[in-house]
Amino acid sequence: MSTQIRFQRGRFGALARSAQALAAVALVLTAQAPAFAQDAEDDAAAAVTDEKDVKWFALTGGDVYTGTGAVLHGATVLCKDKKISAIGYDLDIPDGAEVMDVSGNRVYPGLIASASFGLFGGGGELADSVDPYNRNMILALAAGVTTAVNGSQVAKLKRGEIEGVVIKDGAFESFNYSKSSPSSKAQLREKLETAAAYLRDYRQWENDVRSNKDLKEPAKKGVDQKVLDVLQGRLLPTFNADERTDLLEIARLAQRFGFRPIIRGCREGWVVADELGRAGAMAVITPRERRTRSEDLVREGGSSIENAAILYKHGVQVSVIPQSPGISLGGIVGRDLLHYSTEAAYAIRGGLPDDAALAALTIVPARMLGVDWRVGTLEPGKDADMIVTDGDLMHYQTWVQWAIVDGKVAYDKQEEMYFAHIRPRPEAALAPEVRVDPGEENPAEPPAPAEEAEKPAEQPEGGGGQ
Amino acid sequence: MILATLTLVTGVFVPGALVPGALVPGGPAPATPVMGAIGATPDLLAIKARRVLVGDGTEIEHAVILVDGGKIVTIGQDLPIERGIPVLELDDDQLVMPGLVNPYSRFGMTGGGYNDSRAQVKASTELYPPSGYRAALEAGVTTLGLYPAGTGIPGQAVVVRPMGGTSEEMIVKDGAYLKVVMRPSSSNKRNLKKGFEAVEKYRDKVEKEREKWEKKNKPSSKSSSDKKGDDAADEKKEESKSSSSKKKESPFVPPAPDEETAPWLAVVEKKLPLLVTIDSAAAYDHFIDALGKEDVDWSLRIGLSREIDVFYVKEKIGKQGCYVLIDPEITLHPGTMRQRNLPAEFDRAGAKVVLLPRSDSASGFESWLEDVGVLIGAGLDRKAAVRGVTQYAADFLGLGAELGTLAEGKRANLLILSGDPFEPGTEVDAVMLDGQIVHGETRL
């Protein structure tokens, strides 16, 4: 399949008019190598099995926001089975590929929620208990979320499938380091020191053992494995901290021992953003959080709408999470996962650049969870998880029209009852509404989704708001 | 009253033995001879009805059903009736249909069960004959499949006729199906997998025993044929050869499976079907996942709740063409007030829909047909509705050759209704069980 991707020079020349298009070209070109490498690999596998087993899926005509900084207007995303195979213009789409024309819409990477509850149903081992028909899963997909943390696992919102749901075990390792608990603070510091001393001894031994083979390996006794993993960069430690003092202490601890902390909350992060930036911290914040500064404080404090922007300016990788990371249709509508992108929109309101806001919903949480090699951006070789929206993702009027997980349509706004009636896609607006199952031999069927997909979906009037 | 509607046509007089149970309580003693409960109906009898629902979805107008010795001898349109055969001529409004089959019930049973796997448990041991089965019979239920209670794998169901003073008289078939409760949880999936593992283990054991036995009986055959092949077929030939030459050799007897393994062995050998109860679409997917590559007979029991989401897997289930035991209820699309007629949807998807009473009680049985009628009003195919309470229910129990439709050679289990079965207000005028009028009064 290495002849899949074909470029036309003329087209490129025309495209090179804008800087954005240049970026697009760069992306496609750099994307080549991995794409070919993977194709070669897949070819070998396909030769053994059957070429016909390969499922091609192409999203054409959309404005592709790759999440890597590039925007490819009217481009094609070609997926092979569960992975993205190529992104660009004039791609050779294989025969038999499922083609979805999404002209007039935008294509973004699927969103990643660094916390969630109630999306997967069931309890315990997800492989044996996931409910892939769960209403909350559908609604989360409607919010654009395709990957989420469930308990300590990272899982995909694979609608109607129970296999391959969990993509990573042990998503987070939380550590307690707060002035409210001096003893646990001391404990962690001690653990870090022990582990650091062990690593020092180990490195020394590694060096010395070359000349003296009889030297004994230093004893690992008393060394906390998780702390060791943190120091060796295998694990990103998570801290829950909001106040300036705690944030400062964590930043200094991180700099002293050389690890990158993930800080959840980080309310007063904007006060000590420079320190956090220097420590290479990553933050999960809730931009809409409101907390005034304590009256007896002289220093600055409390929440700030600019928190995300200031942290970002100082080099902190910023991710967002709504106040309630579940799907809540009750009292706090608007501050749950159903409005995940709105949370990032508030960060933009506080000064965060658009691309950083998209990253806050996609690649940054993916990095925090250690799944950025699979999801978080649209790049060849990564999982085919994407969403198609009818406008700017951060705009309150925008709807997710389709969510695609592992190269399969997991959500179609027009097919689900929840939001189909709100600014329906033009074709669907003409279809009769089916209420009670009519029970006739040939019941009035809603329009076939495939048909719908093939026709260009027009931008609804007043939609988008870019 | 019914008495007026059933009139004697032939000259044969059958002395009506009055059995107290057959009398309408408080009703006046009939002036004309009446046939009542068991023993009172003549062995040979013809029924003439303007309308008969056969049970398989078809109807016969002006039908004649000839019953002899508890079985249907023949059924057809306008058949001539030999002189001398007593004829039960029904009123024009009246309709005959097969006795209702409720394959999933705990009627007359008490107590709860466990959450683990007890495939060897049999509901037949719980049977308590005098416990009011008459009420089921009066509602037109002539066959009941009773299952053991529990939320894991509670055991095997028994099929009974709701009549008789002892368990033996009641039981039609024991070990009709193995109930399996499936929810999306590790423990439910493990229960199922463990059953299949037990069979694997047992088969390994048998294999080992066989090898041992073969070794013991080999030496003579080995010497007789040196160029022995590795195939099992060759070995078998050798076996037969050696056994023919050495007559005293005893054949291989595989060790008997233990109590817990035996039912699973029957499942794998397709002698005991599974009835898997699910309450969500996810449970179905997890069942298929837990089943793996095992090739067994299985059907589904879907307990409907207000906002059940099983319609998401209806196409998958329909493709299996399995029996789906479902309540005649209208449900809502989750999170909305949109109504769904799931029995109709499953029927259209290709599943064999078996409709159960909405409540497992005498009153539930009484309103059963009317409840099904509501679903027909909401779009359920009428033929599917009839099959769902008779033919498919019987087929599911593995008793399709005996029950479920009105056909030659089958048990004469039938109902005489005052009108269309699915119309509100229709009453069960009489019930015939194995050729005997056991409820209602008829006059020849």
# chains A, B, ... in the order shown; residues from 1 in each chain; ligands from 1
$ closest_atom_pairs --of "chain B" --to "chain A" --cutoff "7 Å" --atoms "only C-alpha atoms" --output "Markdown table"
| residue | atom | partner | partner_atom | distance |
| --- | --- | --- | --- | --- |
| B:Pro184 | CA | A:Ser129 | CA | 4.3 |
| B:Ser185 | CA | A:Ser129 | CA | 4.8 |
| B:Ser186 | CA | A:Asp128 | CA | 5.1 |
| B:Ala281 | CA | A:Tyr133 | CA | 6.6 |
| B:Ala282 | CA | A:Asp131 | CA | 4.8 |
| B:His286 | CA | A:Asp128 | CA | 6.7 |
| B:Pro334 | CA | A:Arg135 | CA | 6.9 |
| B:Arg338 | CA | A:Arg435 | CA | 6.3 |
| B:Gln339 | CA | A:Val436 | CA | 5.4 |
| B:Arg340 | CA | A:Val436 | CA | 5.9 |
| B:Asn341 | CA | A:Asp437 | CA | 6.2 |
| B:Ala344 | CA | A:Gly439 | CA | 6.6 |
| B:Ala378 | CA | A:Gly439 | CA | 6.9 |
| B:Gly379 | CA | A:Gly439 | CA | 3.6 |
| B:Leu380 | CA | A:Gly439 | CA | 5.7 |
$ residues_around --residues "stretch 284-297 of chain A" --least-positions-apart "4" --cutoff "9 Å" --atoms "only C-alpha atoms" --output "VMD selection string"
chain A and resid 114 262 to 267 301 to 308 317 to 323 335 343 to 347 350 360 365
$ select_by_dssp --residues "stretch 176-340 of chain B" --states "alpha helix (DSSP H)" --output "PDB file with N, CA and C atoms, in the first residue's frame"
ATOM      1  N   SER B 186     -17.452  -9.418  36.657  1.00  0.00           N
ATOM      2  CA  SER B 186     -16.474 -10.499  36.570  1.00  0.00           C
ATOM      3  C   SER B 186     -17.038 -11.791  37.125  1.00  0.00           C
ATOM      4  N   SER B 187     -17.798 -11.702  38.242  1.00  0.00           N
ATOM      5  CA  SER B 187     -18.246 -12.929  38.898  1.00  0.00           C
ATOM      6  C   SER B 187     -19.249 -13.683  38.015  1.00  0.00           C
ATOM      7  N   ASN B 188     -20.163 -12.955  37.362  1.00  0.00           N
ATOM      8  CA  ASN B 188     -21.128 -13.629  36.496  1.00  0.00           C
ATOM      9  C   ASN B 188     -20.443 -14.290  35.308  1.00  0.00           C
ATOM     10  N   LYS B 189     -19.444 -13.593  34.763  1.00  0.00           N
ATOM     11  CA  LYS B 189     -18.736 -14.161  33.618  1.00  0.00           C
ATOM     12  C   LYS B 189     -17.915 -15.371  34.050  1.00  0.00           C
ATOM     13  N   ARG B 190     -17.325 -15.255  35.240  1.00  0.00           N
ATOM     14  CA  ARG B 190     -16.502 -16.356  35.753  1.00  0.00           C
ATOM     15  C   ARG B 190     -17.357 -17.606  35.954  1.00  0.00           C
ATOM     16  N   ASN B 191     -18.570 -17.419  36.520  1.00  0.00           N
ATOM     17  CA  ASN B 191     -19.471 -18.556  36.735  1.00  0.00           C
ATOM     18  C   ASN B 191     -19.628 -19.380  35.465  1.00  0.00           C
ATOM     19  N   LEU B 192     -19.848 -18.682  34.360  1.00  0.00           N
ATOM     20  CA  LEU B 192     -20.084 -19.361  33.091  1.00  0.00           C
ATOM     21  C   LEU B 192     -18.813 -20.060  32.615  1.00  0.00           C
ATOM     22  N   LYS B 193     -17.700 -19.316  32.673  1.00  0.00           N
ATOM     23  CA  LYS B 193     -16.437 -19.881  32.190  1.00  0.00           C
ATOM     24  C   LYS B 193     -16.059 -21.117  32.996  1.00  0.00           C
ATOM     25  N   LYS B 194     -16.326 -21.053  34.305  1.00  0.00           N
ATOM     26  CA  LYS B 194     -15.978 -22.181  35.175  1.00  0.00           C
ATOM     27  C   LYS B 194     -16.701 -23.452  34.758  1.00  0.00           C
ATOM     28  N   GLY B 195     -17.967 -23.295  34.349  1.00  0.00           N
ATOM     29  CA  GLY B 195     -18.748 -24.439  33.903  1.00  0.00           C
ATOM     30  C   GLY B 195     -18.076 -25.133  32.725  1.00  0.00           C
ATOM     31  N   PHE B 196     -17.643 -24.324  31.762  1.00  0.00           N
ATOM     32  CA  PHE B 196     -17.001 -24.892  30.577  1.00  0.00           C
ATOM     33  C   PHE B 196     -15.636 -25.476  30.927  1.00  0.00           C
ATOM     34  N   GLU B 197     -14.963 -24.834  31.879  1.00  0.00           N
ATOM     35  CA  GLU B 197     -13.660 -25.359  32.312  1.00  0.00           C
ATOM     36  C   GLU B 197     -13.818 -26.738  32.944  1.00  0.00           C
ATOM     37  N   ALA B 198     -14.899 -26.894  33.711  1.00  0.00           N
ATOM     38  CA  ALA B 198     -15.152 -28.184  34.358  1.00  0.00           C
ATOM     39  C   ALA B 198     -15.280 -29.285  33.311  1.00  0.00           C
ATOM     40  N   VAL B 199     -15.951 -28.965  32.204  1.00  0.00           N
ATOM     41  CA  VAL B 199     -16.116 -29.954  31.135  1.00  0.00           C
ATOM     42  C   VAL B 199     -14.755 -30.295  30.533  1.00  0.00           C
ATOM     43  N   GLU B 200     -13.940 -29.247  30.314  1.00  0.00           N
ATOM     44  CA  GLU B 200     -12.592 -29.469  29.774  1.00  0.00           C
ATOM     45  C   GLU B 200     -11.816 -30.439  30.656  1.00  0.00           C
ATOM     46  N   LYS B 201     -11.869 -30.141  31.951  1.00  0.00           N
ATOM     47  CA  LYS B 201     -11.144 -30.962  32.918  1.00  0.00           C
ATOM     48  C   LYS B 201     -11.637 -32.400  32.870  1.00  0.00           C
ATOM     49  N   TYR B 202     -12.958 -32.532  32.834  1.00  0.00           N
ATOM     50  CA  TYR B 202     -13.544 -33.871  32.807  1.00  0.00           C
ATOM     51  C   TYR B 202     -13.102 -34.624  31.556  1.00  0.00           C
ATOM     52  N   ARG B 203     -13.102 -33.914  30.432  1.00  0.00           N
ATOM     53  CA  ARG B 203     -12.722 -34.567  29.176  1.00  0.00           C
ATOM     54  C   ARG B 203     -11.255 -34.990  29.202  1.00  0.00           C
ATOM     55  N   ASP B 204     -10.416 -34.141  29.814  1.00  0.00           N
ATOM     56  CA  ASP B 204      -9.001 -34.509  29.966  1.00  0.00           C
ATOM     57  C   ASP B 204      -8.874 -35.790  30.778  1.00  0.00           C
ATOM     58  N   LYS B 205      -9.678 -35.830  31.825  1.00  0.00           N
ATOM     59  CA  LYS B 205      -9.651 -36.987  32.715  1.00  0.00           C
ATOM     60  C   LYS B 205     -10.057 -38.252  31.952  1.00  0.00           C
ATOM     61  N   VAL B 206     -11.125 -38.130  31.178  1.00  0.00           N
ATOM     62  CA  VAL B 206     -11.594 -39.273  30.386  1.00  0.00           C
ATOM     63  C   VAL B 206     -10.495 -39.715  29.424  1.00  0.00           C
ATOM     64  N   GLU B 207      -9.845 -38.719  28.820  1.00  0.00           N
ATOM     65  CA  GLU B 207      -8.785 -39.027  27.855  1.00  0.00           C
ATOM     66  C   GLU B 207      -7.666 -39.809  28.518  1.00  0.00           C
ATOM     67  N   LYS B 208      -7.302 -39.355  29.722  1.00  0.00           N
ATOM     68  CA  LYS B 208      -6.226 -40.025  30.452  1.00  0.00           C
ATOM     69  C   LYS B 208      -6.614 -41.452  30.803  1.00  0.00           C
ATOM     70  N   GLU B 209      -7.849 -41.602  31.260  1.00  0.00           N
ATOM     71  CA  GLU B 209      -8.340 -42.932  31.621  1.00  0.00           C
ATOM     72  C   GLU B 209      -8.308 -43.855  30.400  1.00  0.00           C
ATOM     73  N   ARG B 210      -8.684 -43.254  29.275  1.00  0.00           N
ATOM     74  CA  ARG B 210      -8.734 -44.036  28.048  1.00  0.00           C
ATOM     75  C   ARG B 210      -7.331 -44.506  27.672  1.00  0.00           C
ATOM     76  N   GLU B 211      -6.370 -43.578  27.801  1.00  0.00           N
ATOM     77  CA  GLU B 211      -4.989 -43.939  27.496  1.00  0.00           C
ATOM     78  C   GLU B 211      -4.515 -45.075  28.385  1.00  0.00           C
ATOM     79  N   LYS B 212      -4.854 -44.923  29.645  1.00  0.00           N
ATOM     80  CA  LYS B 212      -4.472 -45.959  30.614  1.00  0.00           C
ATOM     81  C   LYS B 212      -5.039 -47.307  30.190  1.00  0.00           C
ATOM     82  N   TRP B 213      -6.318 -47.247  29.858  1.00  0.00           N
ATOM     83  CA  TRP B 213      -7.043 -48.463  29.472  1.00  0.00           C
ATOM     84  C   TRP B 213      -6.420 -49.063  28.211  1.00  0.00           C
ATOM     85  N   GLU B 214      -6.078 -48.181  27.276  1.00  0.00           N
ATOM     86  CA  GLU B 214      -5.483 -48.652  26.027  1.00  0.00           C
ATOM     87  C   GLU B 214      -4.137 -49.307  26.279  1.00  0.00           C
ATOM     88  N   LYS B 215      -3.356 -48.661  27.163  1.00  0.00           N
ATOM     89  CA  LYS B 215      -2.033 -49.217  27.480  1.00  0.00           C
ATOM     90  C   LYS B 215      -2.183 -50.625  28.048  1.00  0.00           C
ATOM     91  N   LYS B 216      -3.191 -50.717  28.925  1.00  0.00           N
ATOM     92  CA  LYS B 216      -3.406 -51.995  29.592  1.00  0.00           C
ATOM     93  C   LYS B 216      -3.772 -53.079  28.577  1.00  0.00           C
ATOM     94  N   ASN B 217      -4.500 -52.664  27.554  1.00  0.00           N
ATOM     95  CA  ASN B 217      -4.974 -53.633  26.577  1.00  0.00           C
ATOM     96  C   ASN B 217      -4.138 -53.699  25.302  1.00  0.00           C
ATOM     97  N   LYS B 218      -3.055 -52.933  25.301  1.00  0.00           N
ATOM     98  CA  LYS B 218      -2.244 -52.815  24.099  1.00  0.00           C
ATOM     99  C   LYS B 218      -1.375 -54.036  23.782  1.00  0.00           C
ATOM    100  N   PRO B 219      -0.556 -54.514  24.730  1.00  0.00           N
ATOM    101  CA  PRO B 219       0.550 -55.423  24.394  1.00  0.00           C
ATOM    102  C   PRO B 219       0.215 -56.445  23.326  1.00  0.00           C
ATOM    103  N   SER B 220      -0.930 -57.075  23.436  1.00  0.00           N
ATOM    104  CA  SER B 220      -1.285 -58.120  22.479  1.00  0.00           C
ATOM    105  C   SER B 220      -1.438 -57.544  21.074  1.00  0.00           C
ATOM    106  N   SER B 221      -2.136 -56.412  20.985  1.00  0.00           N
ATOM    107  CA  SER B 221      -2.375 -55.828  19.673  1.00  0.00           C
ATOM    108  C   SER B 221      -1.083 -55.291  19.068  1.00  0.00           C
ATOM    109  N   LYS B 222      -0.205 -54.794  19.936  1.00  0.00           N
ATOM    110  CA  LYS B 222       1.067 -54.243  19.475  1.00  0.00           C
ATOM    111  C   LYS B 222       1.888 -55.337  18.786  1.00  0.00           C
ATOM    112  N   SER B 223       1.896 -56.490  19.415  1.00  0.00           N
ATOM    113  CA  SER B 223       2.681 -57.587  18.856  1.00  0.00           C
ATOM    114  C   SER B 223       2.071 -58.075  17.539  1.00  0.00           C
ATOM    115  N   SER B 224       0.761 -57.993  17.467  1.00  0.00           N
ATOM    116  CA  SER B 224       0.098 -58.486  16.257  1.00  0.00           C
ATOM    117  C   SER B 224       0.341 -57.563  15.067  1.00  0.00           C
ATOM    118  N   ALA B 232      -5.941 -41.870  15.548  1.00  0.00           N
ATOM    119  CA  ALA B 232      -6.917 -42.471  16.448  1.00  0.00           C
ATOM    120  C   ALA B 232      -7.699 -43.536  15.693  1.00  0.00           C
ATOM    121  N   ALA B 233      -7.917 -43.271  14.401  1.00  0.00           N
ATOM    122  CA  ALA B 233      -8.700 -44.214  13.604  1.00  0.00           C
ATOM    123  C   ALA B 233      -8.009 -45.569  13.545  1.00  0.00           C
ATOM    124  N   ASP B 234      -6.698 -45.497  13.321  1.00  0.00           N
ATOM    125  CA  ASP B 234      -5.933 -46.740  13.275  1.00  0.00           C
ATOM    126  C   ASP B 234      -6.022 -47.471  14.597  1.00  0.00           C
ATOM    127  N   GLU B 235      -5.868 -46.684  15.625  1.00  0.00           N
ATOM    128  CA  GLU B 235      -5.905 -47.293  16.951  1.00  0.00           C
ATOM    129  C   GLU B 235      -7.232 -47.969  17.188  1.00  0.00           C
ATOM    130  N   LYS B 236      -8.269 -47.300  16.711  1.00  0.00           N
ATOM    131  CA  LYS B 236      -9.603 -47.865  16.906  1.00  0.00           C
ATOM    132  C   LYS B 236      -9.718 -49.208  16.189  1.00  0.00           C
ATOM    133  N   LYS B 237      -9.170 -49.246  14.996  1.00  0.00           N
ATOM    134  CA  LYS B 237      -9.198 -50.488  14.238  1.00  0.00           C
ATOM    135  C   LYS B 237      -8.511 -51.587  15.016  1.00  0.00           C
ATOM    136  N   GLU B 238      -7.349 -51.163  15.540  1.00  0.00           N
ATOM    137  CA  GLU B 238      -6.587 -52.137  16.334  1.00  0.00           C
ATOM    138  C   GLU B 238      -7.407 -52.627  17.502  1.00  0.00           C
ATOM    139  N   GLU B 239      -8.061 -51.649  18.111  1.00  0.00           N
ATOM    140  CA  GLU B 239      -8.874 -52.002  19.265  1.00  0.00           C
ATOM    141  C   GLU B 239      -9.890 -53.073  18.904  1.00  0.00           C
ATOM    142  N   SER B 240     -10.596 -52.799  17.812  1.00  0.00           N
ATOM    143  CA  SER B 240     -11.652 -53.732  17.431  1.00  0.00           C
ATOM    144  C   SER B 240     -11.055 -55.086  17.078  1.00  0.00           C
ATOM    145  N   LYS B 241      -9.871 -54.997  16.439  1.00  0.00           N
ATOM    146  CA  LYS B 241      -9.204 -56.252  16.087  1.00  0.00           C
ATOM    147  C   LYS B 241      -8.879 -57.060  17.331  1.00  0.00           C
ATOM    148  N   SER B 242      -8.245 -56.329  18.256  1.00  0.00           N
ATOM    149  CA  SER B 242      -7.805 -57.033  19.457  1.00  0.00           C
ATOM    150  C   SER B 242      -9.001 -57.522  20.261  1.00  0.00           C
ATOM    151  N   SER B 243     -10.061 -56.715  20.252  1.00  0.00           N
ATOM    152  CA  SER B 243     -11.209 -57.147  21.045  1.00  0.00           C
ATOM    153  C   SER B 243     -11.878 -58.368  20.413  1.00  0.00           C
ATOM    154  N   SER B 244     -11.811 -58.421  19.081  1.00  0.00           N
ATOM    155  CA  SER B 244     -12.415 -59.585  18.447  1.00  0.00           C
ATOM    156  C   SER B 244     -11.577 -60.840  18.691  1.00  0.00           C
ATOM    157  N   SER B 245     -10.262 -60.607  18.752  1.00  0.00           N
ATOM    158  CA  SER B 245      -9.422 -61.773  19.003  1.00  0.00           C
ATOM    159  C   SER B 245      -9.461 -62.182  20.468  1.00  0.00           C
ATOM    160  N   THR B 261     -20.375 -31.239  37.301  1.00  0.00           N
ATOM    161  CA  THR B 261     -19.924 -31.218  35.901  1.00  0.00           C
ATOM    162  C   THR B 261     -20.991 -31.757  34.954  1.00  0.00           C
ATOM    163  N   ALA B 262     -21.784 -32.731  35.438  1.00  0.00           N
ATOM    164  CA  ALA B 262     -22.754 -33.390  34.560  1.00  0.00           C
ATOM    165  C   ALA B 262     -23.646 -32.420  33.793  1.00  0.00           C
ATOM    166  N   PRO B 263     -24.261 -31.422  34.468  1.00  0.00           N
ATOM    167  CA  PRO B 263     -25.115 -30.521  33.688  1.00  0.00           C
ATOM    168  C   PRO B 263     -24.335 -29.736  32.637  1.00  0.00           C
ATOM    169  N   TRP B 264     -23.097 -29.383  32.943  1.00  0.00           N
ATOM    170  CA  TRP B 264     -22.301 -28.621  31.971  1.00  0.00           C
ATOM    171  C   TRP B 264     -21.940 -29.482  30.770  1.00  0.00           C
ATOM    172  N   LEU B 265     -21.724 -30.767  31.051  1.00  0.00           N
ATOM    173  CA  LEU B 265     -21.453 -31.700  29.962  1.00  0.00           C
ATOM    174  C   LEU B 265     -22.671 -31.759  29.038  1.00  0.00           C
ATOM    175  N   ALA B 266     -23.851 -31.788  29.677  1.00  0.00           N
ATOM    176  CA  ALA B 266     -25.093 -31.808  28.891  1.00  0.00           C
ATOM    177  C   ALA B 266     -25.229 -30.527  28.075  1.00  0.00           C
ATOM    178  N   VAL B 267     -24.772 -29.405  28.647  1.00  0.00           N
ATOM    179  CA  VAL B 267     -24.844 -28.126  27.937  1.00  0.00           C
ATOM    180  C   VAL B 267     -23.964 -28.188  26.693  1.00  0.00           C
ATOM    181  N   VAL B 268     -22.731 -28.643  26.884  1.00  0.00           N
ATOM    182  CA  VAL B 268     -21.776 -28.681  25.773  1.00  0.00           C
ATOM    183  C   VAL B 268     -22.237 -29.682  24.702  1.00  0.00           C
ATOM    184  N   ALA B 281     -27.972  -4.046  27.261  1.00  0.00           N
ATOM    185  CA  ALA B 281     -27.269  -4.410  26.037  1.00  0.00           C
ATOM    186  C   ALA B 281     -25.851  -4.881  26.372  1.00  0.00           C
ATOM    187  N   ALA B 282     -25.254  -4.226  27.353  1.00  0.00           N
ATOM    188  CA  ALA B 282     -23.884  -4.566  27.728  1.00  0.00           C
ATOM    189  C   ALA B 282     -23.814  -6.010  28.207  1.00  0.00           C
ATOM    190  N   ALA B 283     -24.840  -6.443  28.962  1.00  0.00           N
ATOM    191  CA  ALA B 283     -24.839  -7.804  29.491  1.00  0.00           C
ATOM    192  C   ALA B 283     -24.785  -8.812  28.351  1.00  0.00           C
ATOM    193  N   TYR B 284     -25.455  -8.497  27.244  1.00  0.00           N
ATOM    194  CA  TYR B 284     -25.421  -9.414  26.101  1.00  0.00           C
ATOM    195  C   TYR B 284     -24.003  -9.532  25.554  1.00  0.00           C
ATOM    196  N   ASP B 285     -23.354  -8.392  25.354  1.00  0.00           N
ATOM    197  CA  ASP B 285     -21.988  -8.417  24.826  1.00  0.00           C
ATOM    198  C   ASP B 285     -21.048  -9.171  25.767  1.00  0.00           C
ATOM    199  N   HIS B 286     -21.246  -8.979  27.056  1.00  0.00           N
ATOM    200  CA  HIS B 286     -20.379  -9.671  28.009  1.00  0.00           C
ATOM    201  C   HIS B 286     -20.664 -11.169  28.029  1.00  0.00           C
ATOM    202  N   PHE B 287     -21.926 -11.534  27.796  1.00  0.00           N
ATOM    203  CA  PHE B 287     -22.261 -12.963  27.704  1.00  0.00           C
ATOM    204  C   PHE B 287     -21.545 -13.583  26.509  1.00  0.00           C
ATOM    205  N   ILE B 288     -21.633 -12.924  25.366  1.00  0.00           N
ATOM    206  CA  ILE B 288     -20.980 -13.446  24.162  1.00  0.00           C
ATOM    207  C   ILE B 288     -19.473 -13.547  24.400  1.00  0.00           C
ATOM    208  N   ASP B 289     -18.935 -12.568  25.098  1.00  0.00           N
ATOM    209  CA  ASP B 289     -17.511 -12.568  25.418  1.00  0.00           C
ATOM    210  C   ASP B 289     -17.173 -13.758  26.329  1.00  0.00           C
ATOM    211  N   ALA B 290     -18.001 -13.980  27.346  1.00  0.00           N
ATOM    212  CA  ALA B 290     -17.745 -15.069  28.292  1.00  0.00           C
ATOM    213  C   ALA B 290     -17.942 -16.433  27.623  1.00  0.00           C
ATOM    214  N   LEU B 291     -18.870 -16.494  26.665  1.00  0.00           N
ATOM    215  CA  LEU B 291     -19.159 -17.746  25.971  1.00  0.00           C
ATOM    216  C   LEU B 291     -17.964 -18.175  25.126  1.00  0.00           C
ATOM    217  N   LYS B 314     -30.250  -5.408  19.293  1.00  0.00           N
ATOM    218  CA  LYS B 314     -31.328  -6.218  18.722  1.00  0.00           C
ATOM    219  C   LYS B 314     -30.923  -6.849  17.389  1.00  0.00           C
ATOM    220  N   GLU B 315     -30.138  -6.128  16.590  1.00  0.00           N
ATOM    221  CA  GLU B 315     -29.737  -6.694  15.303  1.00  0.00           C
ATOM    222  C   GLU B 315     -28.843  -7.917  15.514  1.00  0.00           C
ATOM    223  N   LYS B 316     -27.903  -7.780  16.454  1.00  0.00           N
ATOM    224  CA  LYS B 316     -26.998  -8.899  16.758  1.00  0.00           C
ATOM    225  C   LYS B 316     -27.806 -10.103  17.242  1.00  0.00           C
ATOM    226  N   ILE B 317     -28.763  -9.847  18.130  1.00  0.00           N
ATOM    227  CA  ILE B 317     -29.571 -10.937  18.682  1.00  0.00           C
ATOM    228  C   ILE B 317     -30.454 -11.528  17.584  1.00  0.00           C
ATOM    229  N   GLY B 318     -31.022 -10.657  16.767  1.00  0.00           N
ATOM    230  CA  GLY B 318     -31.877 -11.111  15.680  1.00  0.00           C
ATOM    231  C   GLY B 318     -31.137 -12.046  14.740  1.00  0.00           C
ATOM    232  N   LYS B 319     -29.869 -11.717  14.476  1.00  0.00           N
ATOM    233  CA  LYS B 319     -29.072 -12.547  13.577  1.00  0.00           C
ATOM    234  C   LYS B 319     -28.875 -13.947  14.153  1.00  0.00           C
ATOM    235  N   GLN B 320     -28.826 -14.043  15.483  1.00  0.00           N
ATOM    236  CA  GLN B 320     -28.663 -15.347  16.122  1.00  0.00           C
ATOM    237  C   GLN B 320     -29.931 -16.181  15.949  1.00  0.00           C
TER     238      GLN B 320
END
$ closest_residue --among "B:Leu403, B:Ala46, B:Val374, B:Leu178" --to "B:Phe422" --atoms "only C-alpha atoms"
B:Val374
$ atom_distance --atom1 "atom CA of B:Gly108" --atom2 "atom CA of B:Leu127"
8.0 Å
$ atom_distance --atom1 "atom CA of A:Arg200" --atom2 "atom CA of A:Leu231"
11.2 Å
$ residues_around --residues "B:Val158" --least-positions-apart "6" --cutoff "6 Å" --atoms "only C-alpha atoms" --output "MDAnalysis selection string"
chainID B and resid 123:124 145:146 173:176
$ residues_around --residues "A:Phe259" --least-positions-apart "3" --cutoff "7 Å" --atoms "only C-alpha atoms" --output "list of chain:residue names"
A:Val230, A:Leu231, A:Gly233, A:Ala254, A:Gln255
$ write_last_selection --atoms "C-alpha atoms" --output "PDB file, in the first residue's frame"
ATOM      1  CA  VAL A 230       9.092   8.809  39.692  1.00  0.00           C
ATOM      2  CA  LEU A 231      12.787   9.568  39.972  1.00  0.00           C
ATOM      3  CA  GLY A 233      10.925   9.200  34.910  1.00  0.00           C
ATOM      4  CA  ALA A 254      10.448  18.650  41.897  1.00  0.00           C
ATOM      5  CA  GLN A 255      13.476  20.754  41.026  1.00  0.00           C
TER       6      GLN A 255
END
$ select_by_dssp --residues "stretch 61-233 of chain B" --states "strand (DSSP E or B)" --output "VMD selection string"
chain B and resid 61 to 68 71 to 77 87 to 89 95 to 98 100 to 105 114 117 122 141 to 146 150 153 155 to 160 171 to 181
$ residues_around --residues "stretch 387-396 of chain B" --least-positions-apart "2" --cutoff "9 Å" --atoms "only C-alpha atoms" --output "PyMOL selection string"
chain B and resi 54-57+97-103+143+176-177+299+323+325+352-356+369+372+382-385+398-405
